[in-house]
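Source file: input05.cif (mmCIF, N, CA and C atoms)
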data_entry
loop_
_atom_site.group_PDB
_atom_site.id
_atom_site.type_symbol
_atom_site.label_atom_id
_atom_site.label_comp_id
_atom_site.auth_asym_id
_atom_site.auth_seq_id
_atom_site.Cartn_x
_atom_site.Cartn_y
_atom_site.Cartn_z
ATOM 1 N N VAL U 1 91.132 111.486 93.147
ATOM 2 C CA VAL U 1 90.245 110.338 93.161
ATOM 3 C C VAL U 1 89.661 110.191 94.555
ATOM 4 N N GLN U 2 88.429 109.776 94.593
ATOM 5 C CA GLN U 2 87.846 109.433 95.880
ATOM 6 C C GLN U 2 86.748 108.408 95.662
ATOM 7 N N GLY U 3 86.541 107.572 96.646
ATOM 8 C CA GLY U 3 85.504 106.567 96.540
ATOM 9 C C GLY U 3 85.971 105.321 95.835
ATOM 10 N N LYS U 4 85.034 104.684 95.129
ATOM 11 C CA LYS U 4 85.335 103.408 94.484
ATOM 12 C C LYS U 4 85.959 103.625 93.112
ATOM 13 N N VAL U 5 86.997 102.819 92.844
ATOM 14 C CA VAL U 5 87.706 102.860 91.570
ATOM 15 C C VAL U 5 87.794 101.434 91.051
ATOM 16 N N ARG U 6 87.375 101.248 89.818
ATOM 17 C CA ARG U 6 87.472 99.926 89.188
ATOM 18 C C ARG U 6 88.806 99.835 88.452
ATOM 19 N N VAL U 7 89.548 98.755 88.705
ATOM 20 C CA VAL U 7 90.842 98.536 88.071
ATOM 21 C C VAL U 7 90.742 97.245 87.261
ATOM 22 N N GLN U 8 91.072 97.325 85.968
ATOM 23 C CA GLN U 8 91.102 96.149 85.109
ATOM 24 C C GLN U 8 92.541 95.928 84.670
ATOM 25 N N PHE U 9 93.009 94.681 84.802
ATOM 26 C CA PHE U 9 94.377 94.338 84.445
ATOM 27 C C PHE U 9 94.433 93.812 83.012
ATOM 28 N N GLY U 10 95.507 94.120 82.333
ATOM 29 C CA GLY U 10 95.744 93.580 81.007
ATOM 30 C C GLY U 10 97.216 93.265 80.855
ATOM 31 N N LEU U 11 97.541 92.417 79.913
ATOM 32 C CA LEU U 11 98.936 92.115 79.624
ATOM 33 C C LEU U 11 99.023 91.488 78.240
ATOM 34 N N ARG U 12 100.217 91.507 77.696
ATOM 35 C CA ARG U 12 100.473 90.901 76.389
ATOM 36 C C ARG U 12 101.598 89.877 76.531
ATOM 37 N N GLY U 13 101.483 88.801 75.801
ATOM 38 C CA GLY U 13 102.555 87.818 75.760
ATOM 39 C C GLY U 13 102.516 86.782 76.872
ATOM 40 N N LEU U 14 101.620 86.937 77.825
ATOM 41 C CA LEU U 14 101.448 85.966 78.907
ATOM 42 C C LEU U 14 99.966 85.755 79.142
ATOM 43 N N GLY U 15 99.613 84.620 79.709
ATOM 44 C CA GLY U 15 98.243 84.372 80.108
ATOM 45 C C GLY U 15 98.089 84.561 81.602
ATOM 46 N N VAL U 16 96.877 84.460 82.078
ATOM 47 C CA VAL U 16 96.587 84.597 83.506
ATOM 48 C C VAL U 16 96.134 83.240 84.031
ATOM 49 N N ALA U 17 96.707 82.843 85.172
ATOM 50 C CA ALA U 17 96.350 81.582 85.817
ATOM 51 C C ALA U 17 96.526 81.747 87.316
ATOM 52 N N PRO U 18 95.833 80.941 88.105
ATOM 53 C CA PRO U 18 96.004 81.022 89.550
ATOM 54 C C PRO U 18 97.445 80.744 89.976
ATOM 55 N N ALA U 19 97.837 81.327 91.090
ATOM 56 C CA ALA U 19 99.159 81.082 91.662
ATOM 57 C C ALA U 19 99.310 79.592 91.936
ATOM 58 N N GLY U 20 100.502 79.083 91.692
ATOM 59 C CA GLY U 20 100.778 77.676 91.947
ATOM 60 C C GLY U 20 100.409 76.757 90.805
ATOM 61 N N SER U 21 99.885 77.311 89.702
ATOM 62 C CA SER U 21 99.558 76.476 88.550
ATOM 63 C C SER U 21 100.834 75.849 88.008
ATOM 64 N N THR U 22 100.731 74.610 87.577
ATOM 65 C CA THR U 22 101.900 73.906 87.057
ATOM 66 C C THR U 22 101.539 73.173 85.776
ATOM 67 N N GLY U 23 102.557 72.666 85.115
ATOM 68 C CA GLY U 23 102.363 71.861 83.923
ATOM 69 C C GLY U 23 102.374 72.690 82.659
ATOM 70 N N VAL U 24 102.181 72.018 81.556
ATOM 71 C CA VAL U 24 102.238 72.665 80.251
ATOM 72 C C VAL U 24 101.199 73.769 80.150
ATOM 73 N N ALA U 25 100.009 73.551 80.693
ATOM 74 C CA ALA U 25 98.957 74.565 80.600
ATOM 75 C C ALA U 25 99.331 75.849 81.335
ATOM 76 N N ALA U 26 100.231 75.779 82.318
ATOM 77 C CA ALA U 26 100.625 76.957 83.089
ATOM 78 C C ALA U 26 101.774 77.723 82.454
ATOM 79 N N ASP U 27 102.444 77.118 81.482
ATOM 80 C CA ASP U 27 103.581 77.779 80.841
ATOM 81 C C ASP U 27 103.127 79.085 80.208
ATOM 82 N N GLY U 28 103.862 80.133 80.471
ATOM 83 C CA GLY U 28 103.523 81.436 79.901
ATOM 84 C C GLY U 28 102.390 82.126 80.624
ATOM 85 N N THR U 29 102.143 81.739 81.876
ATOM 86 C CA THR U 29 101.054 82.356 82.639
ATOM 87 C C THR U 29 101.581 82.943 83.944
ATOM 88 N N GLY U 30 100.726 83.668 84.606
ATOM 89 C CA GLY U 30 101.040 84.246 85.900
ATOM 90 C C GLY U 30 99.800 84.877 86.492
ATOM 91 N N HIS U 31 100.002 85.646 87.546
ATOM 92 C CA HIS U 31 98.882 86.354 88.163
ATOM 93 C C HIS U 31 99.322 87.771 88.513
ATOM 94 N N HIS U 32 98.353 88.610 88.810
ATOM 95 C CA HIS U 32 98.601 90.033 89.027
ATOM 96 C C HIS U 32 98.807 90.373 90.505
ATOM 97 N N HIS U 33 99.582 91.430 90.722
ATOM 98 C CA HIS U 33 99.700 92.092 92.025
ATOM 99 C C HIS U 33 99.467 93.570 91.781
ATOM 100 N N LEU U 34 98.867 94.245 92.750
ATOM 101 C CA LEU U 34 98.651 95.683 92.650
ATOM 102 C C LEU U 34 99.204 96.336 93.909
ATOM 103 N N LEU U 35 100.087 97.303 93.726
ATOM 104 C CA LEU U 35 100.642 98.067 94.841
ATOM 105 C C LEU U 35 99.917 99.398 94.905
ATOM 106 N N VAL U 36 99.395 99.710 96.074
ATOM 107 C CA VAL U 36 98.629 100.937 96.275
ATOM 108 C C VAL U 36 99.397 101.821 97.245
ATOM 109 N N ASP U 37 99.861 102.952 96.732
ATOM 110 C CA ASP U 37 100.605 103.915 97.560
ATOM 111 C C ASP U 37 101.782 103.252 98.287
ATOM 112 N N ALA U 38 102.511 102.423 97.561
ATOM 113 C CA ALA U 38 103.659 101.716 98.135
ATOM 114 C C ALA U 38 104.798 101.723 97.127
ATOM 115 N N PRO U 39 106.037 101.810 97.606
ATOM 116 C CA PRO U 39 107.173 101.714 96.676
ATOM 117 C C PRO U 39 107.287 100.291 96.134
ATOM 118 N N LEU U 40 107.841 100.180 94.952
ATOM 119 C CA LEU U 40 108.046 98.875 94.336
ATOM 120 C C LEU U 40 109.256 98.208 94.977
ATOM 121 N N PRO U 41 109.077 97.037 95.607
ATOM 122 C CA PRO U 41 110.218 96.361 96.226
ATOM 123 C C PRO U 41 111.165 95.807 95.157
ATOM 124 N N ALA U 42 112.358 95.446 95.574
ATOM 125 C CA ALA U 42 113.331 94.834 94.664
ATOM 126 C C ALA U 42 112.724 93.579 94.048
ATOM 127 N N MET U 43 113.079 93.313 92.790
ATOM 128 C CA MET U 43 112.494 92.183 92.064
ATOM 129 C C MET U 43 112.841 90.830 92.687
ATOM 130 N N ASP U 44 113.914 90.756 93.471
ATOM 131 C CA ASP U 44 114.283 89.476 94.081
ATOM 132 C C ASP U 44 113.668 89.296 95.468
ATOM 133 N N GLN U 45 112.806 90.217 95.879
ATOM 134 C CA GLN U 45 112.167 90.144 97.189
ATOM 135 C C GLN U 45 110.688 89.792 97.039
ATOM 136 N N PRO U 46 110.154 88.983 97.958
ATOM 137 C CA PRO U 46 108.715 88.695 97.898
ATOM 138 C C PRO U 46 107.910 89.938 98.258
ATOM 139 N N LEU U 47 106.719 90.016 97.713
ATOM 140 C CA LEU U 47 105.832 91.127 98.047
ATOM 141 C C LEU U 47 105.117 90.829 99.358
ATOM 142 N N PRO U 48 105.020 91.816 100.239
ATOM 143 C CA PRO U 48 104.200 91.606 101.432
ATOM 144 C C PRO U 48 102.738 91.424 101.017
ATOM 145 N N LYS U 49 101.927 90.960 101.911
ATOM 146 C CA LYS U 49 100.487 90.834 101.647
ATOM 147 C C LYS U 49 99.771 91.663 102.701
ATOM 148 N N ASP U 50 99.384 92.880 102.302
ATOM 149 C CA ASP U 50 98.703 93.797 103.214
ATOM 150 C C ASP U 50 97.842 94.751 102.397
ATOM 151 N N GLU U 51 97.322 95.797 103.014
ATOM 152 C CA GLU U 51 96.399 96.712 102.322
ATOM 153 C C GLU U 51 97.078 97.531 101.223
ATOM 154 N N HIS U 52 98.417 97.529 101.182
ATOM 155 C CA HIS U 52 99.149 98.256 100.145
ATOM 156 C C HIS U 52 99.701 97.333 99.059
ATOM 157 N N HIS U 53 99.698 96.043 99.310
ATOM 158 C CA HIS U 53 100.231 95.045 98.381
ATOM 159 C C HIS U 53 99.151 93.981 98.176
ATOM 160 N N LEU U 54 98.373 94.132 97.113
ATOM 161 C CA LEU U 54 97.228 93.262 96.873
ATOM 162 C C LEU U 54 97.615 92.149 95.914
ATOM 163 N N HIS U 55 97.294 90.925 96.278
ATOM 164 C CA HIS U 55 97.627 89.741 95.490
ATOM 165 C C HIS U 55 96.350 89.211 94.838
ATOM 166 N N PHE U 56 96.438 88.867 93.568
ATOM 167 C CA PHE U 56 95.305 88.328 92.835
ATOM 168 C C PHE U 56 95.660 86.926 92.351
ATOM 169 N N GLY U 57 95.996 86.079 93.328
ATOM 170 C CA GLY U 57 96.509 84.742 93.061
ATOM 171 C C GLY U 57 95.482 83.739 92.574
ATOM 172 N N LYS U 58 94.219 84.131 92.495
ATOM 173 C CA LYS U 58 93.203 83.232 91.941
ATOM 174 C C LYS U 58 93.026 83.467 90.447
ATOM 175 N N GLY U 59 93.852 84.363 89.895
ATOM 176 C CA GLY U 59 93.761 84.652 88.470
ATOM 177 C C GLY U 59 92.781 85.763 88.135
ATOM 178 N N GLN U 60 92.393 86.564 89.134
ATOM 179 C CA GLN U 60 91.457 87.655 88.886
ATOM 180 C C GLN U 60 92.054 88.670 87.910
ATOM 181 N N THR U 61 91.212 89.273 87.113
ATOM 182 C CA THR U 61 91.670 90.256 86.129
ATOM 183 C C THR U 61 91.087 91.645 86.371
ATOM 184 N N GLU U 62 90.356 91.812 87.452
ATOM 185 C CA GLU U 62 89.871 93.142 87.819
ATOM 186 C C GLU U 62 89.527 93.173 89.293
ATOM 187 N N THR U 63 89.424 94.399 89.816
ATOM 188 C CA THR U 63 89.073 94.588 91.212
ATOM 189 C C THR U 63 88.446 95.963 91.372
ATOM 190 N N GLU U 64 87.857 96.189 92.522
ATOM 191 C CA GLU U 64 87.322 97.501 92.853
ATOM 192 C C GLU U 64 87.965 97.947 94.163
ATOM 193 N N LEU U 65 88.552 99.133 94.153
ATOM 194 C CA LEU U 65 89.204 99.696 95.331
ATOM 195 C C LEU U 65 88.364 100.836 95.878
ATOM 196 N N THR U 66 88.379 101.000 97.183
ATOM 197 C CA THR U 66 87.790 102.174 97.803
ATOM 198 C C THR U 66 88.936 103.017 98.328
ATOM 199 N N LEU U 67 89.123 104.188 97.737
ATOM 200 C CA LEU U 67 90.253 105.048 98.065
ATOM 201 C C LEU U 67 89.792 106.316 98.769
ATOM 202 N N ALA U 68 90.618 106.778 99.691
ATOM 203 C CA ALA U 68 90.349 108.049 100.367
ATOM 204 C C ALA U 68 90.526 109.185 99.360
ATOM 205 N N PRO U 69 89.910 110.331 99.592
ATOM 206 C CA PRO U 69 90.097 111.467 98.685
ATOM 207 C C PRO U 69 91.573 111.829 98.558
ATOM 208 N N GLY U 70 91.994 112.198 97.352
ATOM 209 C CA GLY U 70 93.370 112.621 97.124
ATOM 210 C C GLY U 70 94.048 111.840 96.018
ATOM 211 N N LYS U 71 95.352 112.079 95.874
ATOM 212 C CA LYS U 71 96.155 111.395 94.858
ATOM 213 C C LYS U 71 96.611 110.039 95.380
ATOM 214 N N HIS U 72 96.690 109.095 94.466
ATOM 215 C CA HIS U 72 97.138 107.752 94.817
ATOM 216 C C HIS U 72 98.040 107.225 93.713
ATOM 217 N N ALA U 73 98.978 106.373 94.085
ATOM 218 C CA ALA U 73 99.870 105.722 93.118
ATOM 219 C C ALA U 73 99.512 104.247 93.062
ATOM 220 N N LEU U 74 99.206 103.767 91.858
ATOM 221 C CA LEU U 74 98.925 102.355 91.642
ATOM 222 C C LEU U 74 100.004 101.789 90.737
ATOM 223 N N GLN U 75 100.580 100.663 91.134
ATOM 224 C CA GLN U 75 101.593 99.985 90.329
ATOM 225 C C GLN U 75 101.206 98.516 90.220
ATOM 226 N N LYS U 76 101.350 97.959 89.031
ATOM 227 C CA LYS U 76 101.030 96.552 88.809
ATOM 228 C C LYS U 76 102.320 95.760 88.653
ATOM 229 N N ARG U 77 102.348 94.604 89.260
ATOM 230 C CA ARG U 77 103.468 93.677 89.076
ATOM 231 C C ARG U 77 102.873 92.333 88.683
ATOM 232 N N GLN U 78 103.497 91.697 87.709
ATOM 233 C CA GLN U 78 103.032 90.402 87.224
ATOM 234 C C GLN U 78 103.909 89.306 87.804
ATOM 235 N N ALA U 79 103.297 88.335 88.473
ATOM 236 C CA ALA U 79 104.023 87.151 88.933
ATOM 237 C C ALA U 79 103.875 86.098 87.853
ATOM 238 N N ILE U 80 104.974 85.497 87.446
ATOM 239 C CA ILE U 80 104.908 84.481 86.403
ATOM 240 C C ILE U 80 105.352 83.136 86.946
ATOM 241 N N THR U 81 104.877 82.090 86.289
ATOM 242 C CA THR U 81 105.207 80.734 86.733
ATOM 243 C C THR U 81 106.684 80.451 86.521
ATOM 244 N N PRO U 82 107.247 79.549 87.323
ATOM 245 C CA PRO U 82 108.660 79.191 87.125
ATOM 246 C C PRO U 82 108.947 78.702 85.713
ATOM 247 N N GLN U 83 107.997 78.000 85.093
ATOM 248 C CA GLN U 83 108.221 77.536 83.729
ATOM 249 C C GLN U 83 108.423 78.717 82.796
ATOM 250 N N SER U 84 107.678 79.796 82.999
ATOM 251 C CA SER U 84 107.801 80.971 82.135
ATOM 252 C C SER U 84 109.137 81.658 82.337
ATOM 253 N N VAL U 85 109.606 81.710 83.594
ATOM 254 C CA VAL U 85 110.905 82.325 83.874
ATOM 255 C C VAL U 85 111.993 81.555 83.156
ATOM 256 N N LEU U 86 111.955 80.236 83.239
ATOM 257 C CA LEU U 86 112.967 79.426 82.584
ATOM 258 C C LEU U 86 112.925 79.600 81.068
ATOM 259 N N ARG U 87 111.740 79.687 80.523
ATOM 260 C CA ARG U 87 111.595 79.847 79.084
ATOM 261 C C ARG U 87 112.133 81.202 78.607
ATOM 262 N N CYS U 88 112.011 82.229 79.443
ATOM 263 C CA CYS U 88 112.422 83.577 79.050
ATOM 264 C C CYS U 88 113.922 83.795 79.167
ATOM 265 N N ARG U 89 114.646 82.936 79.839
ATOM 266 C CA ARG U 89 116.082 83.127 80.030
ATOM 267 C C ARG U 89 116.866 82.765 78.804
#
Once more with this new file: its structure as structure tokens, please.
Amino acid sequence: VQGKVRVQFGLRGLGVAPAGSTGVAADGTGHHHLLVDAPLPAMDQPLPKDEHHLHFGKGQTETELTLAPGKHALQKRQAITPQSVLRCR
């Protein structure tokens, strides 16, 4: 891959909402994170916010990346609201 790459996020069973959303409308929602050429941190650790750990806390569902020529690893992590975590337990 080289140049611009369009990434579209999808998920099932949860909705997308901005980070920090609360209340009944936020239940079952979250936002996306994209890791670019970075190992996946432990699930109990916060994600850094840098060029390898992209946060989409406004509820975005797509982005465009400009990548250097070569192979790249992209990993998606979904952040969910505390209400959703409690409901899933």
Practice problem: May I have the residues within 8 Å of region 56-64 of chain U as a PyMOL selection string, using only C-alpha atoms and disregarding those fewer than 2 positions away in the same chain? | Solution: chain U and resi 4-10+16-19+30-33+54+66
Keeping N, CA and C atoms for every residue in the selection just given, could you write it to a file as a PDB file, keeping the file's coordinate frame?
ATOM      1  N   LYS U   4      85.034 104.684  95.129  1.00  0.00           N
ATOM      2  CA  LYS U   4      85.335 103.408  94.484  1.00  0.00           C
ATOM      3  C   LYS U   4      85.959 103.625  93.112  1.00  0.00           C
ATOM      4  N   VAL U   5      86.997 102.819  92.844  1.00  0.00           N
ATOM      5  CA  VAL U   5      87.706 102.860  91.570  1.00  0.00           C
ATOM      6  C   VAL U   5      87.794 101.434  91.051  1.00  0.00           C
ATOM      7  N   ARG U   6      87.375 101.248  89.818  1.00  0.00           N
ATOM      8  CA  ARG U   6      87.472  99.926  89.188  1.00  0.00           C
ATOM      9  C   ARG U   6      88.806  99.835  88.452  1.00  0.00           C
ATOM     10  N   VAL U   7      89.548  98.755  88.705  1.00  0.00           N
ATOM     11  CA  VAL U   7      90.842  98.536  88.071  1.00  0.00           C
ATOM     12  C   VAL U   7      90.742  97.245  87.261  1.00  0.00           C
ATOM     13  N   GLN U   8      91.072  97.325  85.968  1.00  0.00           N
ATOM     14  CA  GLN U   8      91.102  96.149  85.109  1.00  0.00           C
ATOM     15  C   GLN U   8      92.541  95.928  84.670  1.00  0.00           C
ATOM     16  N   PHE U   9      93.009  94.681  84.802  1.00  0.00           N
ATOM     17  CA  PHE U   9      94.377  94.338  84.445  1.00  0.00           C
ATOM     18  C   PHE U   9      94.433  93.812  83.012  1.00  0.00           C
ATOM     19  N   GLY U  10      95.507  94.120  82.333  1.00  0.00           N
ATOM     20  CA  GLY U  10      95.744  93.580  81.007  1.00  0.00           C
ATOM     21  C   GLY U  10      97.216  93.265  80.855  1.00  0.00           C
ATOM     22  N   VAL U  16      96.877  84.460  82.078  1.00  0.00           N
ATOM     23  CA  VAL U  16      96.587  84.597  83.506  1.00  0.00           C
ATOM     24  C   VAL U  16      96.134  83.240  84.031  1.00  0.00           C
ATOM     25  N   ALA U  17      96.707  82.843  85.172  1.00  0.00           N
ATOM     26  CA  ALA U  17      96.350  81.582  85.817  1.00  0.00           C
ATOM     27  C   ALA U  17      96.526  81.747  87.316  1.00  0.00           C
ATOM     28  N   PRO U  18      95.833  80.941  88.105  1.00  0.00           N
ATOM     29  CA  PRO U  18      96.004  81.022  89.550  1.00  0.00           C
ATOM     30  C   PRO U  18      97.445  80.744  89.976  1.00  0.00           C
ATOM     31  N   ALA U  19      97.837  81.327  91.090  1.00  0.00           N
ATOM     32  CA  ALA U  19      99.159  81.082  91.662  1.00  0.00           C
ATOM     33  C   ALA U  19      99.310  79.592  91.936  1.00  0.00           C
ATOM     34  N   GLY U  30     100.726  83.668  84.606  1.00  0.00           N
ATOM     35  CA  GLY U  30     101.040  84.246  85.900  1.00  0.00           C
ATOM     36  C   GLY U  30      99.800  84.877  86.492  1.00  0.00           C
ATOM     37  N   HIS U  31     100.002  85.646  87.546  1.00  0.00           N
ATOM     38  CA  HIS U  31      98.882  86.354  88.163  1.00  0.00           C
ATOM     39  C   HIS U  31      99.322  87.771  88.513  1.00  0.00           C
ATOM     40  N   HIS U  32      98.353  88.610  88.810  1.00  0.00           N
ATOM     41  CA  HIS U  32      98.601  90.033  89.027  1.00  0.00           C
ATOM     42  C   HIS U  32      98.807  90.373  90.505  1.00  0.00           C
ATOM     43  N   HIS U  33      99.582  91.430  90.722  1.00  0.00           N
ATOM     44  CA  HIS U  33      99.700  92.092  92.025  1.00  0.00           C
ATOM     45  C   HIS U  33      99.467  93.570  91.781  1.00  0.00           C
ATOM     46  N   LEU U  54      98.373  94.132  97.113  1.00  0.00           N
ATOM     47  CA  LEU U  54      97.228  93.262  96.873  1.00  0.00           C
ATOM     48  C   LEU U  54      97.615  92.149  95.914  1.00  0.00           C
ATOM     49  N   THR U  66      88.379 101.000  97.183  1.00  0.00           N
ATOM     50  CA  THR U  66      87.790 102.174  97.803  1.00  0.00           C
ATOM     51  C   THR U  66      88.936 103.017  98.328  1.00  0.00           C
TER      52      THR U  66
END
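Between CA of Gln2 (chain U) and atom C of Lys71 (chain U) lies a distance of 8.8 Å.
Picture a line from atom C of Gly23 (chain U) to CA of Ile80 (chain U); it runs 12.6 Å.
Our summary of the geometry notes that atom C of Gly3 (chain U) is positioned 17.5 Å from atom C of His53 (chain U).
In this comparison, which uses all atoms listed in the file, the residue of U:Val1, U:Gly13, U:Gly20, U:Val36 approaching Ala73 (chain U) most closely is U:Val36.
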Missing atoms of region 45-55 of chain U rebuilt to all heavy atoms, written as a PDB file, keeping the file's coordinate frame:
ATOM      1  N   GLN U  45     112.806  90.217  95.879  1.00  0.00           N
ATOM      2  CA  GLN U  45     112.167  90.144  97.189  1.00  0.00           C
ATOM      3  C   GLN U  45     110.688  89.792  97.039  1.00  0.00           C
ATOM      4  O   GLN U  45     110.029  90.254  96.116  1.00  0.00           O
ATOM      5  CB  GLN U  45     112.285  91.489  97.921  1.00  0.00           C
ATOM      6  CG  GLN U  45     113.702  91.893  98.217  1.00  0.00           C
ATOM      7  CD  GLN U  45     114.378  90.901  99.142  1.00  0.00           C
ATOM      8  OE1 GLN U  45     113.846  90.530 100.169  1.00  0.00           O
ATOM      9  NE2 GLN U  45     115.562  90.448  98.751  1.00  0.00           N
ATOM     10  N   PRO U  46     110.154  88.983  97.958  1.00  0.00           N
ATOM     11  CA  PRO U  46     108.715  88.695  97.898  1.00  0.00           C
ATOM     12  C   PRO U  46     107.910  89.938  98.258  1.00  0.00           C
ATOM     13  O   PRO U  46     108.384  90.799  99.005  1.00  0.00           O
ATOM     14  CB  PRO U  46     108.522  87.594  98.941  1.00  0.00           C
ATOM     15  CG  PRO U  46     109.679  87.733  99.865  1.00  0.00           C
ATOM     16  CD  PRO U  46     110.821  88.310  99.062  1.00  0.00           C
ATOM     17  N   LEU U  47     106.719  90.016  97.713  1.00  0.00           N
ATOM     18  CA  LEU U  47     105.832  91.127  98.047  1.00  0.00           C
ATOM     19  C   LEU U  47     105.117  90.829  99.358  1.00  0.00           C
ATOM     20  O   LEU U  47     104.620  89.715  99.554  1.00  0.00           O
ATOM     21  CB  LEU U  47     104.785  91.320  96.962  1.00  0.00           C
ATOM     22  CG  LEU U  47     105.250  91.919  95.651  1.00  0.00           C
ATOM     23  CD1 LEU U  47     104.117  91.895  94.640  1.00  0.00           C
ATOM     24  CD2 LEU U  47     105.760  93.318  95.837  1.00  0.00           C
ATOM     25  N   PRO U  48     105.020  91.816 100.239  1.00  0.00           N
ATOM     26  CA  PRO U  48     104.200  91.606 101.432  1.00  0.00           C
ATOM     27  C   PRO U  48     102.738  91.424 101.017  1.00  0.00           C
ATOM     28  O   PRO U  48     102.362  91.723  99.884  1.00  0.00           O
ATOM     29  CB  PRO U  48     104.364  92.915 102.217  1.00  0.00           C
ATOM     30  CG  PRO U  48     105.484  93.643 101.580  1.00  0.00           C
ATOM     31  CD  PRO U  48     105.630  93.123 100.191  1.00  0.00           C
ATOM     32  N   LYS U  49     101.927  90.960 101.911  1.00  0.00           N
ATOM     33  CA  LYS U  49     100.487  90.834 101.647  1.00  0.00           C
ATOM     34  C   LYS U  49      99.771  91.663 102.701  1.00  0.00           C
ATOM     35  O   LYS U  49      99.640  91.251 103.848  1.00  0.00           O
ATOM     36  CB  LYS U  49     100.066  89.369 101.701  1.00  0.00           C
ATOM     37  CG  LYS U  49      98.680  89.133 101.179  1.00  0.00           C
ATOM     38  CD  LYS U  49      98.382  87.659 101.041  1.00  0.00           C
ATOM     39  CE  LYS U  49      97.038  87.448 100.393  1.00  0.00           C
ATOM     40  NZ  LYS U  49      96.724  86.031 100.255  1.00  0.00           N
ATOM     41  N   ASP U  50      99.384  92.880 102.302  1.00  0.00           N
ATOM     42  CA  ASP U  50      98.703  93.797 103.214  1.00  0.00           C
ATOM     43  C   ASP U  50      97.842  94.751 102.397  1.00  0.00           C
ATOM     44  O   ASP U  50      97.660  94.544 101.188  1.00  0.00           O
ATOM     45  CB  ASP U  50      99.717  94.546 104.095  1.00  0.00           C
ATOM     46  CG  ASP U  50     100.745  95.342 103.294  1.00  0.00           C
ATOM     47  OD1 ASP U  50     100.439  95.807 102.177  1.00  0.00           O
ATOM     48  OD2 ASP U  50     101.876  95.508 103.794  1.00  0.00           O
ATOM     49  N   GLU U  51      97.322  95.797 103.014  1.00  0.00           N
ATOM     50  CA  GLU U  51      96.399  96.712 102.322  1.00  0.00           C
ATOM     51  C   GLU U  51      97.078  97.531 101.223  1.00  0.00           C
ATOM     52  O   GLU U  51      96.401  98.138 100.392  1.00  0.00           O
ATOM     53  CB  GLU U  51      95.693  97.642 103.316  1.00  0.00           C
ATOM     54  CG  GLU U  51      96.587  98.652 103.990  1.00  0.00           C
ATOM     55  CD  GLU U  51      97.313  98.142 105.238  1.00  0.00           C
ATOM     56  OE1 GLU U  51      97.229  96.939 105.554  1.00  0.00           O
ATOM     57  OE2 GLU U  51      97.972  98.961 105.883  1.00  0.00           O
ATOM     58  N   HIS U  52      98.417  97.529 101.182  1.00  0.00           N
ATOM     59  CA  HIS U  52      99.149  98.256 100.145  1.00  0.00           C
ATOM     60  C   HIS U  52      99.701  97.333  99.059  1.00  0.00           C
ATOM     61  O   HIS U  52     100.160  97.798  98.020  1.00  0.00           O
ATOM     62  CB  HIS U  52     100.313  99.047 100.761  1.00  0.00           C
ATOM     63  CG  HIS U  52      99.849 100.100 101.701  1.00  0.00           C
ATOM     64  ND1 HIS U  52      99.277 101.280 101.286  1.00  0.00           N
ATOM     65  CD2 HIS U  52      99.859 100.148 103.049  1.00  0.00           C
ATOM     66  CE1 HIS U  52      98.961 102.016 102.336  1.00  0.00           C
ATOM     67  NE2 HIS U  52      99.305 101.347 103.418  1.00  0.00           N
ATOM     68  N   HIS U  53      99.698  96.043  99.310  1.00  0.00           N
ATOM     69  CA  HIS U  53     100.231  95.045  98.381  1.00  0.00           C
ATOM     70  C   HIS U  53      99.151  93.981  98.176  1.00  0.00           C
ATOM     71  O   HIS U  53      99.019  93.056  98.974  1.00  0.00           O
ATOM     72  CB  HIS U  53     101.503  94.402  98.941  1.00  0.00           C
ATOM     73  CG  HIS U  53     102.571  95.380  99.253  1.00  0.00           C
ATOM     74  ND1 HIS U  53     102.640  96.048 100.454  1.00  0.00           N
ATOM     75  CD2 HIS U  53     103.608  95.827  98.500  1.00  0.00           C
ATOM     76  CE1 HIS U  53     103.685  96.855 100.439  1.00  0.00           C
ATOM     77  NE2 HIS U  53     104.285  96.744  99.266  1.00  0.00           N
ATOM     78  N   LEU U  54      98.373  94.132  97.113  1.00  0.00           N
ATOM     79  CA  LEU U  54      97.228  93.262  96.873  1.00  0.00           C
ATOM     80  C   LEU U  54      97.615  92.149  95.914  1.00  0.00           C
ATOM     81  O   LEU U  54      98.201  92.396  94.857  1.00  0.00           O
ATOM     82  CB  LEU U  54      96.070  94.082  96.302  1.00  0.00           C
ATOM     83  CG  LEU U  54      95.692  95.333  97.120  1.00  0.00           C
ATOM     84  CD1 LEU U  54      94.587  96.093  96.433  1.00  0.00           C
ATOM     85  CD2 LEU U  54      95.309  94.961  98.538  1.00  0.00           C
ATOM     86  N   HIS U  55      97.294  90.925  96.278  1.00  0.00           N
ATOM     87  CA  HIS U  55      97.627  89.741  95.490  1.00  0.00           C
ATOM     88  C   HIS U  55      96.350  89.211  94.838  1.00  0.00           C
ATOM     89  O   HIS U  55      95.321  89.088  95.501  1.00  0.00           O
ATOM     90  CB  HIS U  55      98.224  88.653  96.387  1.00  0.00           C
ATOM     91  CG  HIS U  55      99.536  89.040  96.972  1.00  0.00           C
ATOM     92  ND1 HIS U  55     100.710  88.411  96.612  1.00  0.00           N
ATOM     93  CD2 HIS U  55      99.883  89.980  97.883  1.00  0.00           C
ATOM     94  CE1 HIS U  55     101.717  88.956  97.290  1.00  0.00           C
ATOM     95  NE2 HIS U  55     101.234  89.901  98.064  1.00  0.00           N
TER      96      HIS U  55
END
